[in-house]
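Printed here is coords-v7.txt (compact mmCIF, C-alpha atoms):
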```txt
# COMPACT_ATOMS: atom_id res chain seq x y z
CA MET A 643 0.03 -0.50 6.10
CA LYS A 644 -1.48 -3.55 4.49
CA ASN A 645 -1.30 -6.11 7.28
CA TRP A 646 -5.09 -6.60 7.25
CA ARG A 647 -4.75 -8.00 3.71
CA MET A 648 -2.57 -10.87 4.89
CA LEU A 649 -4.31 -14.07 5.93
CA ILE A 650 -2.40 -15.90 8.64
CA LEU A 651 -3.86 -19.39 8.38
CA GLY A 652 -4.07 -21.25 11.65
CA ALA A 653 -4.09 -18.15 13.86
CA ALA A 654 -4.86 -14.46 13.54
CA LEU A 655 -2.73 -12.33 15.81
CA THR A 656 -5.46 -10.04 16.97
CA ALA A 657 -8.59 -12.18 16.65
CA SER A 658 -8.60 -12.54 20.39
CA THR A 659 -12.25 -13.32 20.94
CA ALA A 660 -11.98 -16.43 18.79
CA PHE A 661 -9.71 -18.02 21.36
CA ALA A 662 -10.89 -16.37 24.57
CA ALA A 663 -12.39 -18.73 27.12
CA PRO A 664 -15.74 -17.73 28.64
CA GLN A 665 -15.35 -15.60 31.75
CA VAL A 666 -17.92 -14.63 34.34
CA VAL A 667 -16.22 -11.35 35.22
CA ASP A 668 -13.74 -9.67 32.91
CA LYS A 669 -10.92 -7.53 34.22
CA VAL A 670 -9.32 -4.36 32.91
CA ALA A 671 -5.74 -4.65 31.70
CA ALA A 672 -5.30 -0.99 30.72
CA VAL A 673 -7.23 2.26 30.72
CA VAL A 674 -6.85 4.16 27.43
CA ASN A 675 -8.40 7.67 27.45
CA ASN A 676 -12.12 6.87 27.85
CA GLY A 677 -11.75 3.23 26.85
CA VAL A 678 -10.25 0.05 28.24
CA VAL A 679 -8.25 -2.99 27.18
CA LEU A 680 -9.67 -6.11 28.78
CA GLU A 681 -7.73 -9.02 30.22
CA SER A 682 -9.73 -11.32 27.93
CA ASP A 683 -8.31 -9.42 24.94
CA VAL A 684 -4.78 -9.85 26.27
CA ASP A 685 -5.30 -13.53 27.11
CA GLY A 686 -6.85 -14.19 23.72
CA MET A 687 -3.97 -12.60 21.88
CA MET A 688 -1.47 -14.45 24.06
CA ARG A 689 -3.02 -17.74 22.97
CA SER A 690 -3.15 -16.57 19.37
CA VAL A 691 0.51 -15.50 19.28
CA LYS A 692 1.62 -18.72 20.93
CA SER A 693 -0.44 -20.80 18.51
CA GLN A 694 1.03 -19.00 15.51
CA ALA A 695 4.55 -19.22 16.91
CA GLN A 696 4.17 -22.96 17.45
CA GLN A 697 3.01 -23.47 13.86
CA ALA A 698 5.86 -21.33 12.50
CA GLY A 699 8.50 -22.86 14.78
CA GLN A 700 9.13 -19.39 16.23
CA GLN A 701 10.73 -19.02 19.66
CA LEU A 702 9.00 -16.66 22.10
CA PRO A 703 10.25 -14.71 25.11
CA ASP A 704 8.90 -15.30 28.61
CA ASP A 705 5.22 -14.61 29.28
CA LYS A 706 5.86 -11.35 31.14
CA THR A 707 7.75 -9.83 28.21
CA LEU A 708 5.24 -11.17 25.68
CA ARG A 709 2.34 -9.78 27.70
CA HIS A 710 3.96 -6.32 27.76
CA GLN A 711 4.26 -6.31 23.98
CA ILE A 712 0.66 -7.46 23.54
CA VAL A 713 -0.72 -4.85 25.93
CA GLU A 714 1.19 -2.10 24.07
CA ARG A 715 -0.20 -3.34 20.75
CA LEU A 716 -3.77 -3.37 22.09
CA VAL A 717 -3.33 0.06 23.68
CA MET A 718 -2.21 1.53 20.36
CA ASP A 719 -5.08 -0.15 18.53
CA ASN A 720 -7.49 1.27 21.11
CA ILE A 721 -6.13 4.80 20.65
CA LEU A 722 -6.52 4.63 16.87
CA LEU A 723 -10.02 3.11 17.04
CA GLN A 724 -11.09 5.95 19.34
CA MET A 725 -9.71 8.44 16.82
CA ALA A 726 -11.61 6.69 14.04
CA LYS A 727 -14.86 6.91 16.02
CA GLN A 728 -14.35 10.62 16.66
CA ALA A 729 -13.69 11.19 12.95
CA GLY A 730 -16.75 9.18 11.92
CA ILE A 731 -14.69 6.63 9.99
CA GLN A 732 -16.65 3.45 9.26
CA ILE A 733 -15.88 0.49 7.03
CA GLN A 734 -19.03 -0.45 5.12
CA ASP A 735 -20.04 -4.07 4.56
CA ASP A 736 -19.36 -3.93 0.82
CA GLN A 737 -15.82 -2.67 1.48
CA LEU A 738 -15.31 -5.45 4.01
CA ASP A 739 -16.67 -8.08 1.62
CA GLN A 740 -14.27 -6.91 -1.10
CA ALA A 741 -11.32 -6.95 1.30
CA ILE A 742 -12.08 -10.51 2.40
CA ALA A 743 -12.52 -11.57 -1.23
CA ASN A 744 -9.07 -10.08 -1.93
CA ILE A 745 -7.58 -11.96 1.02
CA ALA A 746 -9.07 -15.21 -0.26
CA ALA A 747 -7.82 -14.56 -3.80
CA GLN A 748 -4.30 -13.77 -2.55
CA ASN A 749 -4.32 -17.15 -0.83
CA LYS A 750 -5.63 -18.88 -4.00
CA MET A 751 -9.01 -19.81 -2.56
CA SER A 752 -12.64 -18.76 -2.76
CA VAL A 753 -14.42 -16.98 0.09
CA ASP A 754 -16.27 -20.23 0.91
CA GLN A 755 -12.95 -22.07 1.06
CA LEU A 756 -11.59 -19.34 3.32
CA ARG A 757 -14.56 -19.74 5.65
CA SER A 758 -14.02 -23.49 5.74
CA ARG A 759 -10.33 -23.05 6.53
CA LEU A 760 -11.10 -20.59 9.33
CA ALA A 761 -13.63 -23.03 10.80
CA TYR A 762 -11.05 -25.82 10.59
CA ASP A 763 -8.62 -23.60 12.51
CA GLY A 764 -11.26 -22.94 15.18
CA MET A 765 -12.04 -19.35 14.24
CA ASN A 766 -15.57 -17.97 14.05
CA TYR A 767 -16.17 -16.28 10.67
CA ALA A 768 -18.17 -13.39 12.17
CA THR A 769 -15.30 -12.72 14.58
CA TYR A 770 -12.83 -12.85 11.71
CA ARG A 771 -14.91 -10.32 9.70
CA GLU A 772 -14.99 -7.89 12.60
CA GLN A 773 -11.25 -8.25 13.12
CA ILE A 774 -10.62 -7.40 9.47
CA ARG A 775 -13.00 -4.45 9.81
CA LYS A 776 -11.04 -3.25 12.83
CA GLU A 777 -7.71 -3.55 11.00
CA MET A 778 -9.13 -1.65 8.01
CA THR A 779 -10.46 1.07 10.31
CA ILE A 780 -7.08 1.44 12.01
CA ALA A 781 -5.33 1.61 8.63
CA GLU A 782 -7.82 4.22 7.39
CA VAL A 783 -7.38 6.60 10.32
CA ARG A 784 -3.59 6.21 10.27
CA ASN A 785 -3.37 6.73 6.52
CA ASN A 786 -5.63 9.80 6.59
CA GLU A 787 -3.55 11.47 9.29
CA VAL A 788 -0.09 10.53 8.02
CA ARG A 789 -0.71 11.45 4.36
CA ARG A 790 -1.14 15.08 5.43
CA ARG A 791 2.38 15.09 6.80
CA VAL A 792 4.04 13.83 3.61
CA THR A 793 5.44 16.46 1.21
CA ILE A 794 7.35 15.51 -1.96
CA LEU A 795 9.16 18.14 -4.04
CA PRO A 796 9.74 17.77 -7.81
CA GLN A 797 13.51 18.00 -7.34
CA GLU A 798 13.35 15.07 -4.90
CA VAL A 799 11.61 12.98 -7.56
CA ASP A 800 14.18 13.96 -10.21
CA SER A 801 17.08 13.21 -7.88
CA LEU A 802 15.78 9.79 -6.86
CA ALA A 803 14.86 8.92 -10.46
CA THR A 804 18.46 9.67 -11.48
CA GLN A 805 19.73 7.57 -8.58
CA VAL A 806 17.39 4.71 -9.49
CA SER A 807 18.50 4.70 -13.12
CA SER A 808 22.18 4.69 -12.21
CA GLN A 809 22.04 1.84 -9.72
CA ASN A 810 22.34 -1.78 -10.73
CA ASN A 811 20.13 -2.73 -7.80
CA ALA A 812 17.43 -0.16 -8.55
CA SER A 813 14.70 -2.80 -8.57
CA THR A 814 16.17 -4.97 -5.82
CA GLU A 815 13.62 -6.20 -3.33
CA LEU A 816 14.55 -7.14 0.21
CA ASN A 817 12.77 -9.26 2.76
CA LEU A 818 13.65 -7.68 6.10
CA SER A 819 13.09 -8.14 9.80
CA HIS A 820 13.38 -5.15 12.12
CA ILE A 821 14.00 -4.38 15.77
CA LEU A 822 13.28 -0.88 17.13
CA LEU A 823 14.68 0.12 20.51
CA PRO A 824 12.75 3.35 21.20
CA LEU A 825 13.91 6.58 22.80
CA PRO A 826 11.62 9.13 24.48
CA GLU A 827 11.02 12.48 22.80
CA ASN A 828 13.82 14.29 24.62
CA PRO A 829 16.12 11.53 25.87
CA THR A 830 18.87 12.03 28.39
CA GLN A 831 22.38 11.00 27.45
CA GLN A 832 22.07 8.10 29.86
CA GLN A 833 18.94 6.85 28.10
CA VAL A 834 20.68 7.11 24.72
CA ASP A 835 23.77 5.29 25.99
CA GLU A 836 21.72 2.49 27.58
CA GLN A 837 19.68 1.86 24.44
CA GLU A 838 22.76 2.00 22.24
CA ASP A 839 24.54 -0.52 24.46
CA LEU A 840 21.50 -2.81 24.32
CA ALA A 841 21.34 -2.41 20.53
CA LYS A 842 24.99 -3.40 20.18
CA GLN A 843 24.40 -6.43 22.41
CA LEU A 844 21.45 -7.52 20.27
CA VAL A 845 23.47 -7.08 17.05
CA SER A 846 26.22 -9.21 18.55
CA GLN A 847 23.72 -11.89 19.59
CA ALA A 848 22.04 -11.89 16.17
CA LYS A 849 25.36 -12.17 14.37
CA GLY A 850 26.24 -14.98 16.75
CA GLY A 851 23.23 -17.00 15.65
CA ALA A 852 20.54 -15.92 18.13
CA ASP A 853 16.95 -16.15 16.89
CA PHE A 854 16.23 -12.68 15.46
CA GLY A 855 12.47 -13.19 15.70
CA LYS A 856 12.65 -13.94 19.39
CA LEU A 857 14.85 -10.87 19.96
CA ALA A 858 12.29 -8.75 18.11
CA ILE A 859 9.36 -10.10 20.12
CA THR A 860 11.28 -9.54 23.34
CA TYR A 861 12.74 -6.07 22.79
CA SER A 862 11.26 -4.32 19.73
CA ALA A 863 8.72 -1.48 19.87
CA ASP A 864 7.97 -1.80 16.14
CA PRO A 865 4.33 -2.63 15.17
CA GLN A 866 5.60 -5.87 13.59
CA ALA A 867 7.33 -7.03 16.77
CA LEU A 868 4.81 -9.80 17.48
CA LYS A 869 5.54 -11.22 14.02
CA GLY A 870 9.20 -11.54 14.88
CA GLY A 871 9.85 -8.11 13.40
CA ASN A 872 9.20 -9.32 9.84
CA MET A 873 8.50 -6.40 7.49
CA GLY A 874 7.92 -8.54 4.39
CA TRP A 875 9.16 -7.71 0.89
CA GLY A 876 9.88 -4.15 -0.23
CA ARG A 877 12.05 -2.27 -2.66
CA ILE A 878 15.15 -0.67 -1.24
CA GLN A 879 13.97 2.85 -2.15
CA GLU A 880 10.71 2.34 -0.24
CA LEU A 881 12.60 2.07 3.02
CA PRO A 882 13.51 5.01 5.23
CA SER A 883 16.60 6.71 3.81
CA LEU A 884 18.72 5.70 6.82
CA PHE A 885 17.93 2.05 6.08
CA ALA A 886 18.38 2.36 2.31
CA GLN A 887 21.89 3.79 2.68
CA SER A 888 22.91 0.81 4.78
CA LEU A 889 21.33 -1.78 2.48
CA VAL A 890 22.81 -0.83 -0.90
CA THR A 891 25.33 -3.69 -0.69
CA ALA A 892 23.32 -5.94 1.62
CA LYS A 893 23.32 -9.70 1.16
CA LYS A 894 21.02 -12.43 2.40
CA GLY A 895 21.63 -13.13 6.08
CA ASP A 896 23.30 -9.76 6.86
CA ILE A 897 22.63 -8.08 10.20
CA ILE A 898 22.61 -4.29 9.81
CA GLY A 899 22.90 -1.79 12.66
CA PRO A 900 22.47 -0.36 15.09
CA ILE A 901 21.15 2.63 13.11
CA ARG A 902 20.16 5.75 15.07
CA SER A 903 17.07 7.71 14.02
CA GLY A 904 14.85 10.29 15.66
CA VAL A 905 12.74 7.58 17.30
CA GLY A 906 15.45 5.23 18.53
CA PHE A 907 17.94 2.56 17.44
CA HIS A 908 17.17 0.14 14.61
CA ILE A 909 18.55 -3.31 13.80
CA LEU A 910 17.80 -5.05 10.50
CA LYS A 911 18.16 -8.59 9.28
CA VAL A 912 18.17 -9.33 5.53
CA ASN A 913 16.09 -12.49 5.21
CA ASP A 914 16.27 -12.65 1.42
CA VAL A 915 17.07 -10.59 -1.71
CA ARG A 916 15.52 -10.65 -5.19
CA GLY A 917 15.13 -8.37 -8.21
CA ASP A 918 15.73 -7.72 -11.89
CA LYS A 919 16.14 -4.68 -14.11
CA GLN A 920 14.56 -4.03 -17.48
CA SER A 921 13.63 -1.18 -19.79
CA ILE A 922 10.00 -0.23 -20.33
CA SER A 923 8.65 0.17 -23.87
CA VAL A 924 5.08 1.16 -24.78
CA THR A 925 3.16 1.51 -28.04
CA GLU A 926 1.98 5.01 -28.96
CA VAL A 927 -0.52 5.84 -31.68
CA HIS A 928 -0.77 8.83 -34.01
CA ALA A 929 -4.45 9.33 -34.77
CA ARG A 930 -6.88 11.91 -36.05
CA HIS A 931 -10.65 12.16 -35.83
CA ILE A 932 -13.78 14.07 -36.77
CA LEU A 933 -16.26 14.58 -33.93
CA LEU A 934 -19.97 15.37 -34.22
CA LYS A 935 -21.97 15.92 -31.05
CA PRO A 936 -25.71 15.21 -30.90
CA SER A 937 -27.71 18.35 -30.02
CA PRO A 938 -31.27 19.74 -30.20
CA VAL A 939 -30.67 20.49 -33.91
CA MET A 940 -28.89 17.19 -34.72
CA THR A 941 -30.10 13.89 -33.34
CA ASP A 942 -27.84 11.01 -32.43
CA ASP A 943 -28.86 9.13 -35.56
CA GLN A 944 -28.32 12.20 -37.79
CA ALA A 945 -24.79 12.62 -36.41
CA ARG A 946 -23.99 9.01 -37.26
CA GLN A 947 -25.50 9.32 -40.77
CA ASN A 948 -23.61 12.57 -41.45
CA LEU A 949 -20.30 10.89 -40.58
CA THR A 950 -21.17 7.92 -42.77
CA GLN A 951 -21.65 10.38 -45.68
CA VAL A 952 -18.37 12.16 -44.83
CA ALA A 953 -16.54 8.82 -44.81
CA ALA A 954 -17.93 8.02 -48.27
CA GLU A 955 -16.73 11.39 -49.62
CA ILE A 956 -13.24 10.86 -48.16
CA ASN A 957 -13.04 7.36 -49.66
CA SER A 958 -14.18 8.64 -53.08
CA GLY A 959 -11.61 11.45 -53.07
CA LYS A 960 -14.14 14.31 -53.02
CA THR A 961 -12.47 15.65 -49.90
CA THR A 962 -9.62 14.79 -47.57
CA PHE A 963 -9.83 13.77 -43.94
CA ALA A 964 -8.04 16.98 -42.87
CA GLN A 965 -10.37 19.22 -44.89
CA ALA A 966 -13.47 17.51 -43.54
CA ALA A 967 -12.16 17.79 -39.98
CA LYS A 968 -11.49 21.53 -40.33
CA GLN A 969 -14.97 22.12 -41.75
CA LEU A 970 -17.09 19.79 -39.59
CA SER A 971 -15.33 18.56 -36.44
CA GLN A 972 -16.72 19.84 -33.16
CA ASP A 973 -13.52 19.06 -31.24
CA PRO A 974 -12.01 22.54 -30.69
CA GLY A 975 -8.67 21.06 -29.68
CA SER A 976 -8.01 19.24 -32.95
CA ALA A 977 -10.30 20.66 -35.68
CA ASN A 978 -7.87 23.39 -36.78
CA GLN A 979 -5.12 20.74 -37.07
CA GLY A 980 -7.23 18.66 -39.44
CA GLY A 981 -8.36 16.45 -36.57
CA ASP A 982 -4.77 15.54 -35.65
CA LEU A 983 -4.54 14.24 -32.06
CA GLY A 984 -0.76 13.80 -32.10
CA TRP A 985 1.14 10.92 -30.52
CA SER A 986 -0.35 9.39 -27.42
CA SER A 987 -0.94 6.15 -25.56
CA PRO A 988 -4.27 4.56 -26.56
CA GLU A 989 -5.18 4.38 -22.87
CA VAL A 990 -5.76 8.14 -22.64
CA TYR A 991 -8.84 7.92 -24.88
CA ASP A 992 -12.44 7.10 -24.10
CA PRO A 993 -12.77 3.27 -23.95
CA ALA A 994 -14.99 3.04 -27.05
CA PHE A 995 -12.66 5.34 -28.99
CA ARG A 996 -9.61 3.37 -27.79
CA ASP A 997 -11.07 -0.02 -28.67
CA ALA A 998 -12.01 1.12 -32.19
CA LEU A 999 -8.59 2.69 -32.70
CA LEU A 1000 -6.73 -0.46 -31.68
CA LYS A 1001 -8.60 -2.47 -34.34
CA LEU A 1002 -7.36 -0.24 -37.17
CA LYS A 1003 -4.35 -0.82 -39.38
CA LYS A 1004 -2.00 1.98 -40.33
CA GLY A 1005 -3.83 4.42 -42.67
CA GLN A 1006 -7.22 2.77 -42.12
CA MET A 1007 -10.34 4.78 -41.24
CA SER A 1008 -13.09 3.49 -38.95
CA ALA A 1009 -16.82 3.45 -39.42
CA PRO A 1010 -18.65 5.96 -37.20
CA VAL A 1011 -17.82 5.21 -33.55
CA HIS A 1012 -19.96 6.29 -30.61
CA SER A 1013 -18.26 7.40 -27.39
CA SER A 1014 -19.27 9.42 -24.34
CA PHE A 1015 -18.34 12.58 -26.32
CA GLY A 1016 -20.44 11.88 -29.44
CA TRP A 1017 -19.78 10.26 -32.84
CA HIS A 1018 -16.29 9.96 -34.36
CA LEU A 1019 -14.59 9.07 -37.57
CA ILE A 1020 -11.13 7.83 -36.58
CA GLN A 1021 -8.05 7.30 -38.70
CA LEU A 1022 -4.90 5.57 -37.46
CA MET A 1023 -1.98 7.39 -39.05
CA ASP A 1024 0.96 5.53 -37.49
CA THR A 1025 2.24 3.62 -34.48
CA ARG A 1026 5.61 3.57 -32.72
CA GLN A 1027 7.41 1.96 -29.82
CA VAL A 1028 8.59 4.46 -27.23
CA ASP A 1029 11.08 3.90 -24.42
CA LYS A 1030 9.23 5.08 -21.32
CA THR A 1031 11.90 3.97 -18.88
CA ASP A 1032 12.65 7.55 -17.77
CA ALA A 1033 8.98 8.42 -17.25
CA ALA A 1034 8.39 5.12 -15.46
CA GLN A 1035 11.42 5.76 -13.24
CA LYS A 1036 10.03 9.15 -12.24
CA GLU A 1037 6.66 7.64 -11.49
CA ARG A 1038 8.32 4.88 -9.49
CA ALA A 1039 10.56 7.43 -7.74
CA TYR A 1040 7.47 9.34 -6.60
CA ARG A 1041 5.86 6.16 -5.23
CA LEU A 1042 9.06 5.14 -3.48
CA LEU A 1043 9.49 8.60 -1.94
CA PHE A 1044 5.90 8.55 -0.75
CA ASN A 1045 6.23 5.08 0.77
CA ARG A 1046 9.54 5.99 2.43
CA LYS A 1047 8.26 9.25 3.91
CA PHE A 1048 4.98 7.65 4.89
CA ALA A 1049 6.80 4.93 6.84
CA GLU A 1050 8.96 7.50 8.62
CA GLU A 1051 6.05 9.79 9.44
CA ALA A 1052 3.78 6.92 10.49
CA GLN A 1053 6.22 5.75 13.17
CA THR A 1054 6.66 9.29 14.51
CA TRP A 1055 2.93 10.00 14.39
CA MET A 1056 2.07 6.81 16.27
CA GLN A 1057 4.59 7.62 18.98
CA GLU A 1058 3.04 11.09 19.29
CA GLN A 1059 -0.45 9.62 19.68
CA ARG A 1060 0.80 7.17 22.32
CA ALA A 1061 2.56 9.93 24.24
CA SER A 1062 -0.44 12.28 24.18
CA ALA A 1063 -3.00 9.66 25.25
CA TYR A 1064 -3.93 8.89 28.84
CA VAL A 1065 -2.79 5.31 29.39
CA LYS A 1066 -2.70 3.43 32.69
CA ILE A 1067 -1.45 -0.14 32.62
CA LEU A 1068 -2.91 -2.19 35.46
CA ASP A 1069 -1.04 -4.99 37.19
CA ALA A 1070 -2.84 -8.22 36.30
CA ASN A 1071 -1.70 -9.85 39.56
CA ALA A 1072 -3.14 -7.01 41.66
CA GLN A 1073 -6.70 -7.35 40.32
```
Could you write out this file's structure as structure tokens?
Amino acid sequence: MKNWRMLILGAALTASTAFAAPQVVDKVAAVVNNGVVLESDVDGMMRSVKSQAQQAGQQLPDDKTLRHQIVERLVMDNILLQMAKQAGIQIQDDQLDQAIANIAAQNKMSVDQLRSRLAYDGMNYATYREQIRKEMTIAEVRNNEVRRRVTILPQEVDSLATQVSSQNNASTELNLSHILLPLPENPTQQQVDEQEDLAKQLVSQAKGGADFGKLAITYSADPQALKGGNMGWGRIQELPSLFAQSLVTAKKGDIIGPIRSGVGFHILKVNDVRGDKQSISVTEVHARHILLKPSPVMTDDQARQNLTQVAAEINSGKTTFAQAAKQLSQDPGSANQGGDLGWSSPEVYDPAFRDALLKLKKGQMSAPVHSSFGWHLIQLMDTRQVDKTDAAQKERAYRLLFNRKFAEEAQTWMQEQRASAYVKILDANAQ
């Protein structure tokens, strides 16, 4: 989902026009609904993939197989870009600028340094910007559509949170590569048997030392196939449940599979493993306040002066904080409790209120503080450290469930879009 954030220095997989040689007449490689994929796009990506593979020392399959994978990638991109156009999805320049700034920062360089590096690698910056815009557009349309298909029940969150807390490898992260051998929507038994046999052959080859990346580029239908199937780092609970079950005891270098799912057979390689486990403790504050809100009958300055007078009376012992809050505070949620706000994280409060509160010592009262709600007198009554591991585990469980279901639904949804689109692949040699 975040591939457009990754800067591949030296070559960008889909920045085809940066490498495409000038052509007098372009040819059509594929017809996609009311659009086309051009031979120049395919040729450009071929050069880009080969350039990247050479830099990474990655083996590639023969040109015919590589071309098939590239055409399928460009066809899918074309389908999603057409959907984005129909939905009116556009990436504005300020969004694009921020994304490129993030890419530069992730690679520990400024935007100017990024531009210089792209120029050094022979890539036009304007072309690079438009490629990032395209990747962001594709991600936007896919995310919008797939999110609607993801449903998470509270009991699922509770169950996974319990599982996470009971596992020693709850926070384990895996770097995986993936091969997907697809099956049609209603496969025949022969189709299932043939793909399963092929999957077993590939597992045997991978375990025997064959280059997994080359196998992925040659056979996989996964969107990451042209990157050697590399999925990057992810927590075990973020993976589809079928994968997670098989990876609980996984070690670096393991080949897992074949695993059958609704879309085909999967093979995984564990490139690396990392992770640690720790409890989460946060500081909570017990505070109370008196709130006065400026109004037509009380100016902003009068509200501040009134609280200054109240503070003097509390300090002199003429009244107590609780009594003054009950009589004067205009916060209906806390006035009857003597201004007591209970225990809470400081982050839940208005920034000005929070900042003033964090400067107080236990028992200390602030000077009048202005926030977006009005003027406050604040007293810090106590602080405590609270173990929020359980709450954090539930929050993490929700994120993991969402990521897992999103990944599963995204693959299914993309296959549905490919199947429902009109696509005609043209023979390059026949043109």
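The space separating atom CA of A:Thr950 from atom CA of A:Ala994 comes to 17.6 Å.
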Q) So what do you get for atom CA of A:His931 versus atom CA of A:Ile1020, distance-wise? A) 4.4 Å
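The shortest atom-to-atom distance to A:Glu1058, with all atoms listed in the file taken into account, belongs to A:Glu827 out of A:Asp800, A:Asp754, A:Glu714, A:Glu827.
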(Q) If I take atom CA of A:Leu983 and atom CA of A:Val952, how far is one from the other in Å, to one decimal? (A) 18.9 Å
Q.
Set the distance at 10 Å and use all atoms listed in the file: which residues neighbour A:Arg930 once local chain neighbours fewer than 4 positions away are removed? I'd like the list as a ChimeraX atom specification.
A. /A:963-964,967,976-977,979-985,999,1007,1018-1023
Dump of C-alpha atoms for the selected residues, as a PDB file, in the frame of the given file:
```pdb
ATOM      1  CA  PHE A 963      -9.830  13.770 -43.940  1.00  0.00           C
ATOM      2  CA  ALA A 964      -8.040  16.980 -42.870  1.00  0.00           C
ATOM      3  CA  ALA A 967     -12.160  17.790 -39.980  1.00  0.00           C
ATOM      4  CA  SER A 976      -8.010  19.240 -32.950  1.00  0.00           C
ATOM      5  CA  ALA A 977     -10.300  20.660 -35.680  1.00  0.00           C
ATOM      6  CA  GLN A 979      -5.120  20.740 -37.070  1.00  0.00           C
ATOM      7  CA  GLY A 980      -7.230  18.660 -39.440  1.00  0.00           C
ATOM      8  CA  GLY A 981      -8.360  16.450 -36.570  1.00  0.00           C
ATOM      9  CA  ASP A 982      -4.770  15.540 -35.650  1.00  0.00           C
ATOM     10  CA  LEU A 983      -4.540  14.240 -32.060  1.00  0.00           C
ATOM     11  CA  GLY A 984      -0.760  13.800 -32.100  1.00  0.00           C
ATOM     12  CA  TRP A 985       1.140  10.920 -30.520  1.00  0.00           C
ATOM     13  CA  LEU A 999      -8.590   2.690 -32.700  1.00  0.00           C
ATOM     14  CA  MET A1007     -10.340   4.780 -41.240  1.00  0.00           C
ATOM     15  CA  HIS A1018     -16.290   9.960 -34.360  1.00  0.00           C
ATOM     16  CA  LEU A1019     -14.590   9.070 -37.570  1.00  0.00           C
ATOM     17  CA  ILE A1020     -11.130   7.830 -36.580  1.00  0.00           C
ATOM     18  CA  GLN A1021      -8.050   7.300 -38.700  1.00  0.00           C
ATOM     19  CA  LEU A1022      -4.900   5.570 -37.460  1.00  0.00           C
ATOM     20  CA  MET A1023      -1.980   7.390 -39.050  1.00  0.00           C
TER      21      MET A1023
END
```
**Q.** Option closest in space to A:Val845, from A:Arg877, A:Lys893, A:Arg1038, A:Lys911 [counting all atoms listed in the file]
**A.**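 Using all atoms listed in the file, A:Val845 sits closest to A:Lys911.
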Q. Taking (8.7, 8.1, 9.9) in the file's coordinates, which residues come within 12 Å, counting only C-alpha atoms, written as a ChimeraX atom specification?
A. /A:788-789,791-792,864,880-885,903-906,1043-1058
Q | Expected residue set, 8 Å radius at (-7.4, 2.6, 12.7), only C-alpha atoms, as a PyMOL selection string | A | chain A and resi 719+722-723+725-726+776-784
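Shell of A:Asp997 at 10 Å, with all atoms listed in the file counted and residues fewer than 6 places along the chain excluded, is A:Pro988, A:Glu989, A:Tyr991, A:Val1011.
Shortest separation to A:Asn817 among A:Asp914, A:Asp1032, A:Glu836, A:Asp685 occurs at residue A:Asp914, atoms counted being all atoms listed in the file.
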For stretch 852-863 of chain A, supply N, CA and C atoms and report the output as a compact mmCIF listing (two decimals), in the frame of the given file.
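That gives us rebuild29.txt:
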```txt
# COMPACT_ATOMS: atom_id res chain seq x y z
N ALA A 852 21.76 -15.98 17.33
CA ALA A 852 20.54 -15.92 18.13
C ALA A 852 19.33 -15.76 17.22
N ASP A 853 18.19 -16.24 17.68
CA ASP A 853 16.95 -16.15 16.89
C ASP A 853 16.50 -14.69 16.82
N PHE A 854 16.56 -14.10 15.62
CA PHE A 854 16.23 -12.68 15.46
C PHE A 854 14.77 -12.43 15.80
N GLY A 855 13.88 -13.36 15.41
CA GLY A 855 12.47 -13.19 15.70
C GLY A 855 12.19 -13.12 17.18
N LYS A 856 12.86 -13.96 17.95
CA LYS A 856 12.65 -13.94 19.39
C LYS A 856 13.17 -12.62 19.98
N LEU A 857 14.32 -12.15 19.49
CA LEU A 857 14.85 -10.87 19.96
C LEU A 857 13.87 -9.74 19.67
N ALA A 858 13.25 -9.79 18.48
CA ALA A 858 12.29 -8.75 18.11
C ALA A 858 11.07 -8.78 19.01
N ILE A 859 10.54 -9.97 19.26
CA ILE A 859 9.36 -10.10 20.12
C ILE A 859 9.67 -9.64 21.54
N THR A 860 10.90 -9.88 21.97
CA THR A 860 11.28 -9.54 23.34
C THR A 860 11.54 -8.05 23.52
N TYR A 861 12.24 -7.43 22.57
CA TYR A 861 12.74 -6.07 22.79
C TYR A 861 12.13 -4.99 21.89
N SER A 862 11.60 -5.34 20.72
CA SER A 862 11.26 -4.32 19.73
C SER A 862 9.97 -3.59 20.06
N ALA A 863 9.93 -2.30 19.73
CA ALA A 863 8.72 -1.48 19.87
C ALA A 863 8.06 -1.25 18.52
```
